[in-house]
$ cat run.cif   # mmCIF, C-alpha atoms
data_coords
#
loop_
_atom_site.label_atom_id
_atom_site.label_comp_id
_atom_site.auth_asym_id
_atom_site.auth_seq_id
_atom_site.Cartn_x
_atom_site.Cartn_y
_atom_site.Cartn_z
CA MET A 1 40.19 -18.28 -52.12
CA LYS A 2 38.93 -14.95 -53.40
CA LYS A 3 35.58 -16.51 -54.10
CA PHE A 4 35.49 -17.88 -50.61
CA ALA A 5 36.27 -14.48 -49.12
CA LEU A 6 33.53 -12.95 -51.24
CA ILE A 7 30.98 -15.49 -50.10
CA ILE A 8 31.98 -15.00 -46.50
CA SER A 9 31.72 -11.22 -46.75
CA ILE A 10 28.36 -11.41 -48.52
CA LEU A 11 27.01 -13.66 -45.80
CA PHE A 12 28.49 -11.44 -43.17
CA PHE A 13 26.94 -8.26 -44.54
CA ALA A 14 23.61 -9.94 -45.19
CA GLN A 15 23.45 -10.70 -41.50
CA LEU A 16 24.40 -7.17 -40.60
CA ALA A 17 21.63 -5.79 -42.73
CA GLU A 18 19.16 -7.88 -40.82
CA ALA A 19 20.43 -7.17 -37.36
CA VAL A 20 20.64 -3.41 -37.60
CA ILE A 21 17.22 -1.97 -38.10
CA GLU A 22 18.14 1.63 -37.64
CA THR A 23 21.19 3.41 -36.33
CA TYR A 24 21.16 6.25 -33.90
CA ASP A 25 24.01 8.57 -33.05
CA PHE A 26 24.77 8.95 -29.40
CA ASP A 27 26.95 11.48 -27.67
CA ASN A 28 29.10 8.82 -26.07
CA GLU A 29 29.57 5.10 -25.78
CA GLU A 30 27.83 4.79 -22.41
CA GLN A 31 24.65 6.17 -23.92
CA GLU A 32 24.83 3.70 -26.74
CA GLN A 33 25.42 0.85 -24.35
CA LEU A 34 22.52 1.97 -22.22
CA TYR A 35 20.35 2.10 -25.33
CA TYR A 36 21.09 -1.51 -26.23
CA GLU A 37 20.71 -2.59 -22.63
CA ILE A 38 17.27 -1.03 -22.39
CA ILE A 39 15.87 -2.16 -25.74
CA ASN A 40 16.93 -5.69 -24.89
CA GLU A 41 15.00 -5.57 -21.64
CA LEU A 42 11.75 -4.27 -23.04
CA ARG A 43 9.21 -6.62 -24.50
CA CYS A 44 7.33 -5.66 -27.63
CA PRO A 45 3.66 -5.28 -26.60
CA LYS A 46 2.52 -6.22 -30.09
CA CYS A 47 4.65 -9.25 -30.76
CA GLN A 48 4.77 -10.63 -27.22
CA ASN A 49 7.78 -12.93 -27.31
CA GLN A 50 10.33 -10.55 -28.71
CA THR A 51 12.27 -7.70 -27.22
CA ILE A 52 11.85 -4.37 -28.92
CA ALA A 53 15.45 -4.78 -30.07
CA ASP A 54 14.45 -7.98 -31.80
CA SER A 55 11.18 -6.93 -33.28
CA ASP A 56 10.51 -5.30 -36.59
CA ALA A 57 7.00 -4.19 -35.64
CA PRO A 58 6.29 -0.48 -36.19
CA LEU A 59 5.43 -0.15 -32.52
CA SER A 60 8.85 -1.48 -31.53
CA ARG A 61 10.47 1.00 -33.87
CA ASP A 62 8.54 3.80 -32.18
CA LEU A 63 9.50 2.56 -28.74
CA ARG A 64 13.16 2.32 -29.72
CA PHE A 65 12.96 5.87 -30.99
CA ILE A 66 11.50 7.03 -27.68
CA VAL A 67 14.22 5.20 -25.72
CA GLN A 68 16.86 6.87 -27.87
CA GLN A 69 15.31 10.31 -27.41
CA LYS A 70 15.10 9.85 -23.67
CA ILE A 71 18.69 8.68 -23.37
CA LYS A 72 19.83 11.71 -25.32
CA VAL A 73 18.16 14.11 -22.92
CA GLY A 74 19.85 12.27 -20.08
CA GLU A 75 17.06 10.19 -18.56
CA THR A 76 18.15 7.24 -16.46
CA LYS A 77 17.34 3.62 -17.14
CA SER A 78 14.80 3.42 -14.34
CA GLN A 79 13.08 6.58 -15.59
CA ILE A 80 12.73 5.08 -19.05
CA LEU A 81 11.53 1.70 -17.76
CA THR A 82 8.97 3.46 -15.55
CA TYR A 83 7.76 5.46 -18.56
CA MET A 84 7.16 2.24 -20.48
CA GLN A 85 5.61 0.48 -17.52
CA GLU A 86 3.15 3.33 -16.98
CA ARG A 87 1.91 2.84 -20.52
CA TYR A 88 2.18 -0.87 -21.21
CA GLY A 89 2.26 -2.39 -17.73
CA ASP A 90 4.62 -4.92 -16.19
CA PHE A 91 4.20 -6.97 -19.34
CA VAL A 92 6.63 -4.70 -21.13
CA LEU A 93 9.42 -5.50 -18.66
CA TYR A 94 11.32 -8.73 -19.15
CA ASP A 95 12.16 -8.60 -15.47
CA PRO A 96 8.83 -7.83 -13.81
CA PRO A 97 8.65 -6.87 -10.12
CA VAL A 98 7.45 -9.39 -7.53
CA GLN A 99 3.88 -8.55 -6.53
CA PRO A 100 0.68 -10.34 -5.42
CA ALA A 101 -0.46 -11.01 -9.00
CA ASN A 102 2.61 -13.09 -9.75
CA TYR A 103 3.31 -14.58 -6.31
CA VAL A 104 2.21 -17.95 -7.68
CA LEU A 105 4.90 -17.84 -10.33
CA TRP A 106 7.61 -16.79 -7.95
CA PHE A 107 6.77 -18.94 -4.96
CA ALA A 108 4.92 -22.01 -6.24
CA PRO A 109 8.15 -23.86 -7.18
CA LEU A 110 9.54 -23.20 -3.70
CA ALA A 111 6.27 -24.26 -2.06
CA ILE A 112 6.10 -27.46 -4.12
CA PHE A 113 9.70 -28.23 -3.25
CA LEU A 114 8.97 -27.74 0.46
CA ILE A 115 5.88 -29.98 0.30
CA ILE A 116 7.88 -32.72 -1.40
CA LEU A 117 10.63 -32.30 1.18
CA VAL A 118 8.17 -32.65 4.07
CA VAL A 119 6.52 -35.72 2.52
CA VAL A 120 9.85 -37.40 1.84
CA ILE A 121 11.19 -36.68 5.32
CA SER A 122 8.04 -37.96 7.02
CA ARG A 123 8.08 -41.14 4.93
CA VAL A 124 11.75 -41.81 5.50
CA GLY A 125 11.33 -41.09 9.20
CA ARG A 126 8.64 -43.74 9.48
CA ARG A 127 10.91 -46.47 8.19
CA LYS A 128 12.81 -48.67 10.54
CA VAL A 129 16.22 -49.89 9.59
CA ASN A 130 17.35 -53.15 11.00
CA PRO A 131 20.85 -52.36 12.27
CA ALA A 132 22.09 -55.92 11.81
CA THR A 133 21.03 -56.58 8.23
CA GLY A 134 20.50 -53.07 6.96
CA ASP A 135 17.04 -54.12 5.82
CA VAL A 136 14.40 -51.46 5.72
CA GLU A 137 11.15 -52.22 7.46
CA LEU A 138 8.10 -50.05 7.02
CA LYS A 139 5.95 -49.43 10.06
CA ASP A 140 2.99 -49.53 7.76
CA ILE A 141 1.12 -52.78 8.52
CA HIS A 142 0.16 -53.25 4.90
CA SER A 143 3.68 -52.94 3.60
CA LYS A 144 4.99 -55.04 6.46
CA ASP A 145 2.75 -57.88 5.32
CA ILE A 146 4.26 -57.82 1.89
CA HIS A 147 7.69 -57.57 3.42
CA SER A 148 7.20 -60.62 5.63
CA LYS A 149 5.64 -62.57 2.76
CA ASP A 150 8.71 -61.68 0.78
CA ILE A 151 10.97 -63.08 3.44
CA HIS A 152 8.90 -66.26 3.64
CA SER A 153 9.16 -66.89 -0.06
CA LYS A 154 12.87 -66.28 0.07
CA GLU A 155 13.19 -68.78 2.90
CA LYS A 156 11.19 -71.34 0.95
CA GLY A 157 13.40 -70.86 -2.00
CA GLU A 158 16.56 -71.49 0.00
CA MET B 1 -5.88 -47.90 5.75
CA ALA B 2 -8.75 -47.87 3.29
CA ASN B 3 -8.94 -44.13 3.88
CA LYS B 4 -5.32 -43.68 2.98
CA LYS B 5 -5.67 -45.65 -0.21
CA LEU B 6 -8.69 -43.61 -1.14
CA LEU B 7 -6.73 -40.43 -0.50
CA ILE B 8 -3.85 -41.50 -2.69
CA THR B 9 -6.00 -42.70 -5.56
CA SER B 10 -8.04 -39.50 -5.43
CA ILE B 11 -4.98 -37.27 -5.94
CA PRO B 12 -4.76 -37.75 -9.74
CA ILE B 13 -8.49 -37.32 -10.05
CA VAL B 14 -8.43 -34.07 -8.09
CA VAL B 15 -5.46 -32.81 -10.13
CA PHE B 16 -7.30 -33.71 -13.31
CA ILE B 17 -10.45 -31.89 -12.26
CA VAL B 18 -8.49 -28.78 -11.27
CA LEU B 19 -6.70 -28.78 -14.63
CA VAL B 20 -9.98 -29.16 -16.49
CA ILE B 21 -11.39 -26.17 -14.62
CA VAL B 22 -8.28 -24.06 -15.26
CA PHE B 23 -8.15 -24.92 -18.96
CA TRP B 24 -11.89 -24.46 -19.37
CA PHE B 25 -11.71 -20.91 -18.11
CA SER B 26 -8.65 -20.10 -20.21
CA LEU B 27 -10.46 -21.23 -23.34
CA GLY B 28 -12.30 -17.97 -23.83
CA SER B 29 -9.47 -15.65 -22.87
CA ASP B 30 -7.12 -14.06 -25.34
CA PRO B 31 -3.54 -14.40 -24.10
CA THR B 32 -2.38 -11.54 -26.32
CA GLU B 33 -4.74 -9.13 -24.60
CA LEU B 34 -2.96 -6.75 -22.25
CA PRO B 35 -4.67 -4.97 -19.40
CA SER B 36 -4.64 -1.21 -19.87
CA GLN B 37 -2.57 0.81 -17.43
CA ARG B 38 -4.79 3.82 -17.98
CA ILE B 39 -7.94 2.49 -16.33
CA GLY B 40 -9.09 4.93 -13.65
CA LYS B 41 -6.79 7.63 -14.95
CA GLN B 42 -7.30 10.76 -16.99
CA VAL B 43 -6.94 10.71 -20.74
CA PRO B 44 -3.26 11.67 -21.13
CA GLU B 45 -2.56 15.31 -21.96
CA PHE B 46 -2.57 15.91 -25.65
CA ARG B 47 -2.27 18.77 -28.09
CA LEU B 48 -2.94 17.47 -31.57
CA SER B 49 -4.42 18.77 -34.77
CA ASN B 50 -7.87 18.28 -36.18
CA LEU B 51 -7.79 15.60 -38.85
CA HIS B 52 -10.12 17.67 -40.98
CA ASN B 53 -8.26 20.91 -40.41
CA PRO B 54 -4.52 20.81 -39.61
CA GLU B 55 -4.62 24.45 -38.46
CA GLU B 56 -6.93 23.67 -35.59
CA THR B 57 -5.65 21.96 -32.45
CA PHE B 58 -7.51 19.81 -29.98
CA THR B 59 -6.62 19.43 -26.31
CA ASN B 60 -8.19 17.57 -23.38
CA LYS B 61 -10.59 20.50 -22.95
CA ASP B 62 -12.26 19.65 -26.23
CA LEU B 63 -13.33 16.20 -25.05
CA PRO B 64 -17.08 15.83 -24.44
CA ASN B 65 -18.32 16.40 -20.90
CA LYS B 66 -20.51 13.31 -21.09
CA PRO B 67 -19.34 9.69 -21.39
CA PHE B 68 -17.90 8.93 -24.82
CA LEU B 69 -15.87 6.44 -26.81
CA LEU B 70 -12.35 7.14 -28.01
CA ASN B 71 -11.65 4.97 -31.02
CA VAL B 72 -8.07 4.48 -32.20
CA TRP B 73 -7.90 3.63 -35.89
CA ALA B 74 -5.86 3.97 -39.05
CA THR B 75 -6.28 3.26 -42.74
CA TRP B 76 -3.31 0.86 -42.66
CA CYS B 77 -5.10 -1.21 -40.00
CA VAL B 78 -6.96 -4.05 -41.67
CA SER B 79 -9.30 -4.84 -38.77
CA CYS B 80 -10.29 -1.17 -38.65
CA HIS B 81 -11.81 -1.60 -42.10
CA VAL B 82 -13.97 -4.37 -40.67
CA GLU B 83 -14.96 -2.27 -37.70
CA HIS B 84 -15.69 0.93 -39.54
CA PRO B 85 -19.19 0.13 -40.91
CA TYR B 86 -20.28 -0.95 -37.43
CA LEU B 87 -19.13 2.33 -35.93
CA VAL B 88 -20.97 4.28 -38.62
CA LYS B 89 -24.10 2.29 -37.82
CA PHE B 90 -23.84 2.63 -34.03
CA ALA B 91 -23.08 6.34 -34.31
CA ASN B 92 -26.35 6.73 -36.18
CA GLN B 93 -28.34 4.50 -33.85
CA TYR B 94 -27.21 5.71 -30.43
CA PRO B 95 -26.64 9.13 -28.88
CA ILE B 96 -23.12 8.12 -27.87
CA PRO B 97 -20.32 10.42 -29.02
CA ILE B 98 -17.40 8.66 -30.65
CA ILE B 99 -14.12 10.52 -30.94
CA GLY B 100 -11.69 9.28 -33.55
CA LEU B 101 -7.98 9.10 -32.92
CA ASN B 102 -6.37 8.64 -36.30
CA TYR B 103 -3.19 6.84 -35.31
CA LYS B 104 0.02 7.22 -37.35
CA ASP B 105 -1.77 7.68 -40.60
CA VAL B 106 -1.49 9.76 -43.74
CA ARG B 107 -3.97 12.58 -43.45
CA VAL B 108 -5.19 12.49 -47.05
CA ASP B 109 -5.74 8.74 -46.91
CA ALA B 110 -7.68 9.03 -43.69
CA LEU B 111 -9.89 11.83 -45.00
CA GLN B 112 -10.57 9.94 -48.20
CA TYR B 113 -11.46 6.88 -46.17
CA LEU B 114 -13.95 8.78 -44.02
CA GLN B 115 -15.49 10.36 -47.08
CA LYS B 116 -16.00 7.00 -48.72
CA GLY B 117 -16.97 4.84 -45.76
CA GLY B 118 -18.83 7.46 -43.72
CA ASP B 119 -17.66 9.46 -40.71
CA PRO B 120 -18.91 8.10 -37.37
CA TYR B 121 -16.80 10.53 -35.34
CA LEU B 122 -17.93 13.64 -33.50
CA PHE B 123 -14.46 14.90 -34.30
CA SER B 124 -11.18 13.34 -35.33
CA ILE B 125 -7.81 13.86 -33.72
CA ALA B 126 -4.76 13.34 -35.92
CA ASP B 127 -2.01 11.54 -34.02
CA GLU B 128 0.48 11.62 -36.84
CA ASP B 129 3.61 10.56 -34.97
CA GLY B 130 1.76 8.29 -32.56
CA THR B 131 2.64 10.08 -29.32
CA MET B 132 -0.88 9.94 -27.93
CA GLY B 133 -1.20 6.32 -28.97
CA ILE B 134 1.87 5.48 -26.92
CA ASP B 135 0.65 7.57 -23.98
CA LEU B 136 -2.58 5.57 -24.11
CA GLY B 137 -0.61 2.31 -24.28
CA VAL B 138 -2.05 1.44 -27.68
CA TYR B 139 -0.47 -1.73 -29.06
CA GLY B 140 -2.92 -2.86 -31.70
CA ALA B 141 -5.51 -0.84 -33.52
CA PRO B 142 -8.45 -0.81 -33.41
CA GLU B 143 -8.66 0.00 -29.73
CA THR B 144 -11.59 1.69 -28.09
CA PHE B 145 -11.51 3.49 -24.76
CA ILE B 146 -14.62 4.15 -22.72
CA VAL B 147 -14.19 7.55 -21.08
CA ASP B 148 -16.53 9.33 -18.67
CA GLY B 149 -17.55 13.00 -18.68
CA GLU B 150 -14.63 13.87 -16.40
CA GLY B 151 -12.14 12.47 -18.87
CA ILE B 152 -11.39 9.35 -16.81
CA ILE B 153 -10.80 6.12 -18.73
CA HIS B 154 -13.00 3.27 -17.53
CA HIS B 155 -12.38 0.50 -20.01
CA ARG B 156 -10.36 -0.41 -23.03
CA TYR B 157 -11.52 -2.79 -25.70
CA VAL B 158 -8.82 -4.14 -28.04
CA GLY B 159 -10.11 -5.46 -31.34
CA VAL B 160 -13.04 -5.02 -33.66
CA ILE B 161 -16.29 -3.74 -32.21
CA ASP B 162 -19.07 -5.62 -33.94
CA GLU B 163 -22.70 -6.23 -33.06
CA ARG B 164 -21.84 -8.74 -30.33
CA VAL B 165 -19.12 -6.64 -28.68
CA TRP B 166 -21.33 -3.57 -28.83
CA THR B 167 -24.28 -5.22 -27.07
CA THR B 168 -22.29 -7.29 -24.58
CA VAL B 169 -19.39 -4.98 -23.70
CA ILE B 170 -19.64 -1.41 -24.92
CA LEU B 171 -23.31 -0.64 -24.43
CA PRO B 172 -23.63 -2.07 -20.89
CA LYS B 173 -20.55 -0.14 -19.78
CA MET B 174 -21.78 3.07 -21.38
CA LYS B 175 -25.14 2.62 -19.65
CA GLU B 176 -23.35 2.29 -16.32
CA LEU B 177 -21.60 5.59 -16.91
CA ASP B 178 -24.47 7.45 -18.47
CA PRO B 179 -27.85 6.71 -16.82
CA SER B 180 -29.63 8.63 -19.58
CA LEU B 181 -28.74 5.78 -21.94
CA VAL B 182 -30.50 3.11 -19.89
CA ASP B 183 -33.79 3.26 -21.75
CA VAL B 184 -32.27 4.11 -25.10
CA GLU B 185 -33.16 1.75 -27.90
CA ALA B 186 -31.42 1.63 -31.20
CA THR B 187 -33.03 4.00 -33.68
CA GLN B 188 -33.25 2.68 -37.16
#
$ encode --input "run.cif" --output "structure tokens"
Amino acid sequence: MKKFALIISILFFAQLAEAVIETYDFDNEEQEQLYYEIINELRCPKCQNQTIADSDAPLSRDLRFIVQQKIKVGETKSQILTYMQERYGDFVLYDPPVQPANYVLWFAPLAIFLIILVVVISRVGRRKVNPATGDVELKDIHSKDIHSKDIHSKEKGE
Amino acid sequence: MANKKLLITSIPIVVFIVLVIVFWFSLGSDPTELPSQRIGKQVPEFRLSNLHNPEETFTNKDLPNKPFLLNVWATWCVSCHVEHPYLVKFANQYPIPIIGLNYKDVRVDALQYLQKGGDPYLFSIADEDGTMGIDLGVYGAPETFIVDGEGIIHHRYVGVIDERVWTTVILPKMKELDPSLVDVEATQ
């Protein structure tokens, strides 16, 4: 049991050592929370798919230091994000603002959905349902041919 | 009806062609390259020491009043070692001032490096804690900024400047900014 506890604690501390890159003292808990909130929303410009909280790159370390300094002098979250954006662009924000350059990303899914909706509605609207049998008949001459052939073969079979 | 069939069968072909065009043009582009936020803006305010003389400070006023290159480098940056001989060569061949921004480096190492490999810089700014680098939005050395005589940044090149980059990117842009360079040929 002791061995087990030892192993568990070793594993536990090994993880801690990896997660905490550096510790900063803050005046109060809100500041610390804000710090973690901000570093988890900023993308590391060097390592692209990591937040600066995640990344071990020297640049991320510098940016974390700046965030910490700015929080300590009482800057707000939006002030700090603006500071970063002015230097590294929207790329640095994990939640970039909607603007012409990324309209395609924001609105293409909606547009595609609407197109599909229109196509489906117009196709469904063109079908005729026989109220007696519930059979669906397409107005399309071509499809109607197939449909009637189908019926003929069924009749022959019976 | 034939028209409709044609339309439907052509959809995949059209999609395919569009994809080919899109992918073809993304072939040459580097997805890790970030656009600089400083284009069209002044070189950020700085007050940093001379790499060669810690007592002396440089500010924006010390920047040349003709178009120049601002090269961000460090001895810890591997690609900078590749770039360095090219810069030494171009500095000798062309009347284009290159200012060095020694980014987050150890002063002695940097000086030793310049002594050994040659010093292409008109002067060298020591950005020991990297504040100017961050103000410039530097994310990967070497980076080179093309700045005009008014101190406005016109272009940023991220990566090694070699013969090809110099003739296809740097030189044409410098010639745009500085008409006196138009007829300049490389001096041997």
$ residues_around --input "run.cif" --residues "region 152-163 of chain B" --least-positions-apart "3" --cutoff "6 Å" --atoms "only C-alpha atoms" --output "list in words"
Ile39, Gly40, Lys41, Gln42, Glu83, Tyr86, Pro142, Glu143, Thr144, Phe145, Ile146, Val147, Asp148 and Trp166 of chain B
$ resolve_selection --input "run.cif" --expression "the PyMOL selection byres ((chain A) within 10 of (chain B))" --output "list in words"
Cys44, Pro45, Lys46, Cys47, Gln48, Pro58, Leu59, Ser60, Asp62, Leu63, Ile66, Tyr83, Met84, Gln85, Glu86, Arg87, Tyr88, Gly89, Asp90, Phe91, Val92, Asp140, Ile141 and His142 of chain A
$ atom_distance --input "run.cif" --atom1 "CA of Val120 (chain A)" --atom2 "CA of Ile11 (chain B)"
16.7 Å
$ resolve_selection --input "run.cif" --expression "the PyMOL selection byres ((chain B and resi 123-127) around 6)" --output "list of chain:residue names"
B:Ser49, B:Asn50, B:Leu51, B:Ile99, B:Gly100, B:Leu101, B:Asn102, B:Tyr103, B:Lys104, B:Tyr121, B:Leu122, B:Glu128, B:Asp129, B:Gly130
$ atom_distance --input "run.cif" --atom1 "CA of Lys66 (chain B)" --atom2 "CA of Pro172 (chain B)"
15.7 Å
$ atom_distance --input "run.cif" --atom1 "CA of His52 (chain B)" --atom2 "CA of Gly118 (chain B)"
13.7 Å
$ resolve_selection --input "run.cif" --expression "the PyMOL selection byres ((chain A and resi 69-71) around 10)" --output "PyMOL selection string"
chain A and resi 24+26-27+30-32+34-35+38+63-68+72-77+79-80+83
$ closest_residue --input "run.cif" --among "B:Phe68, B:Thr75, B:Thr187, B:Val82" --to "Met174 (chain B)" --atoms "all atoms listed in the file"
B:Phe68
$ build_atoms --input "run.cif" --residues "region 97-118 of chain B" --atoms "N, CA and C atoms" --output "PDB file, in the frame of the given file"
ATOM      1  N   PRO B  97     -21.369   9.785 -28.203  1.00  0.00           N
ATOM      2  CA  PRO B  97     -20.320  10.420 -29.020  1.00  0.00           C
ATOM      3  C   PRO B  97     -19.110   9.497 -29.177  1.00  0.00           C
ATOM      4  N   ILE B  98     -18.626   9.414 -30.393  1.00  0.00           N
ATOM      5  CA  ILE B  98     -17.400   8.660 -30.650  1.00  0.00           C
ATOM      6  C   ILE B  98     -16.356   9.638 -31.177  1.00  0.00           C
ATOM      7  N   ILE B  99     -15.210   9.660 -30.487  1.00  0.00           N
ATOM      8  CA  ILE B  99     -14.120  10.520 -30.940  1.00  0.00           C
ATOM      9  C   ILE B  99     -13.114   9.638 -31.661  1.00  0.00           C
ATOM     10  N   GLY B 100     -12.660  10.082 -32.802  1.00  0.00           N
ATOM     11  CA  GLY B 100     -11.690   9.280 -33.550  1.00  0.00           C
ATOM     12  C   GLY B 100     -10.275   9.747 -33.250  1.00  0.00           C
ATOM     13  N   LEU B 101      -9.392   8.769 -33.021  1.00  0.00           N
ATOM     14  CA  LEU B 101      -7.980   9.100 -32.920  1.00  0.00           C
ATOM     15  C   LEU B 101      -7.301   8.399 -34.092  1.00  0.00           C
ATOM     16  N   ASN B 102      -7.000   9.186 -35.105  1.00  0.00           N
ATOM     17  CA  ASN B 102      -6.370   8.640 -36.300  1.00  0.00           C
ATOM     18  C   ASN B 102      -4.887   8.469 -36.013  1.00  0.00           C
ATOM     19  N   TYR B 103      -4.483   7.183 -35.876  1.00  0.00           N
ATOM     20  CA  TYR B 103      -3.190   6.840 -35.310  1.00  0.00           C
ATOM     21  C   TYR B 103      -2.149   6.583 -36.401  1.00  0.00           C
ATOM     22  N   LYS B 104      -1.101   7.405 -36.429  1.00  0.00           N
ATOM     23  CA  LYS B 104       0.020   7.220 -37.350  1.00  0.00           C
ATOM     24  C   LYS B 104      -0.446   6.960 -38.781  1.00  0.00           C
ATOM     25  N   ASP B 105      -1.176   7.881 -39.292  1.00  0.00           N
ATOM     26  CA  ASP B 105      -1.770   7.680 -40.600  1.00  0.00           C
ATOM     27  C   ASP B 105      -1.402   8.852 -41.515  1.00  0.00           C
ATOM     28  N   VAL B 106      -1.669   8.668 -42.781  1.00  0.00           N
ATOM     29  CA  VAL B 106      -1.490   9.760 -43.740  1.00  0.00           C
ATOM     30  C   VAL B 106      -2.818  10.499 -43.824  1.00  0.00           C
ATOM     31  N   ARG B 107      -2.749  11.799 -43.571  1.00  0.00           N
ATOM     32  CA  ARG B 107      -3.970  12.580 -43.450  1.00  0.00           C
ATOM     33  C   ARG B 107      -4.910  12.440 -44.661  1.00  0.00           C
ATOM     34  N   VAL B 108      -4.334  12.571 -45.845  1.00  0.00           N
ATOM     35  CA  VAL B 108      -5.190  12.490 -47.050  1.00  0.00           C
ATOM     36  C   VAL B 108      -5.906  11.148 -47.151  1.00  0.00           C
ATOM     37  N   ASP B 109      -5.148  10.074 -46.853  1.00  0.00           N
ATOM     38  CA  ASP B 109      -5.740   8.740 -46.910  1.00  0.00           C
ATOM     39  C   ASP B 109      -6.905   8.629 -45.937  1.00  0.00           C
ATOM     40  N   ALA B 110      -6.672   9.131 -44.734  1.00  0.00           N
ATOM     41  CA  ALA B 110      -7.680   9.030 -43.690  1.00  0.00           C
ATOM     42  C   ALA B 110      -8.942   9.801 -44.089  1.00  0.00           C
ATOM     43  N   LEU B 111      -8.748  11.005 -44.610  1.00  0.00           N
ATOM     44  CA  LEU B 111      -9.890  11.830 -45.000  1.00  0.00           C
ATOM     45  C   LEU B 111     -10.680  11.168 -46.133  1.00  0.00           C
ATOM     46  N   GLN B 112      -9.927  10.621 -47.076  1.00  0.00           N
ATOM     47  CA  GLN B 112     -10.570   9.940 -48.200  1.00  0.00           C
ATOM     48  C   GLN B 112     -11.400   8.767 -47.694  1.00  0.00           C
ATOM     49  N   TYR B 113     -10.808   8.058 -46.735  1.00  0.00           N
ATOM     50  CA  TYR B 113     -11.460   6.880 -46.170  1.00  0.00           C
ATOM     51  C   TYR B 113     -12.779   7.262 -45.505  1.00  0.00           C
ATOM     52  N   LEU B 114     -12.744   8.353 -44.736  1.00  0.00           N
ATOM     53  CA  LEU B 114     -13.950   8.780 -44.020  1.00  0.00           C
ATOM     54  C   LEU B 114     -15.016   9.260 -45.005  1.00  0.00           C
ATOM     55  N   GLN B 115     -14.549   9.866 -46.096  1.00  0.00           N
ATOM     56  CA  GLN B 115     -15.490  10.360 -47.080  1.00  0.00           C
ATOM     57  C   GLN B 115     -16.209   9.197 -47.766  1.00  0.00           C
ATOM     58  N   LYS B 116     -15.435   8.146 -48.015  1.00  0.00           N
ATOM     59  CA  LYS B 116     -16.000   7.000 -48.720  1.00  0.00           C
ATOM     60  C   LYS B 116     -16.864   6.137 -47.809  1.00  0.00           C
ATOM     61  N   GLY B 117     -16.311   5.814 -46.632  1.00  0.00           N
ATOM     62  CA  GLY B 117     -16.970   4.840 -45.760  1.00  0.00           C
ATOM     63  C   GLY B 117     -17.936   5.467 -44.757  1.00  0.00           C
ATOM     64  N   GLY B 118     -17.992   6.795 -44.703  1.00  0.00           N
ATOM     65  CA  GLY B 118     -18.830   7.460 -43.720  1.00  0.00           C
ATOM     66  C   GLY B 118     -17.999   7.854 -42.509  1.00  0.00           C
TER      67      GLY B 118
END
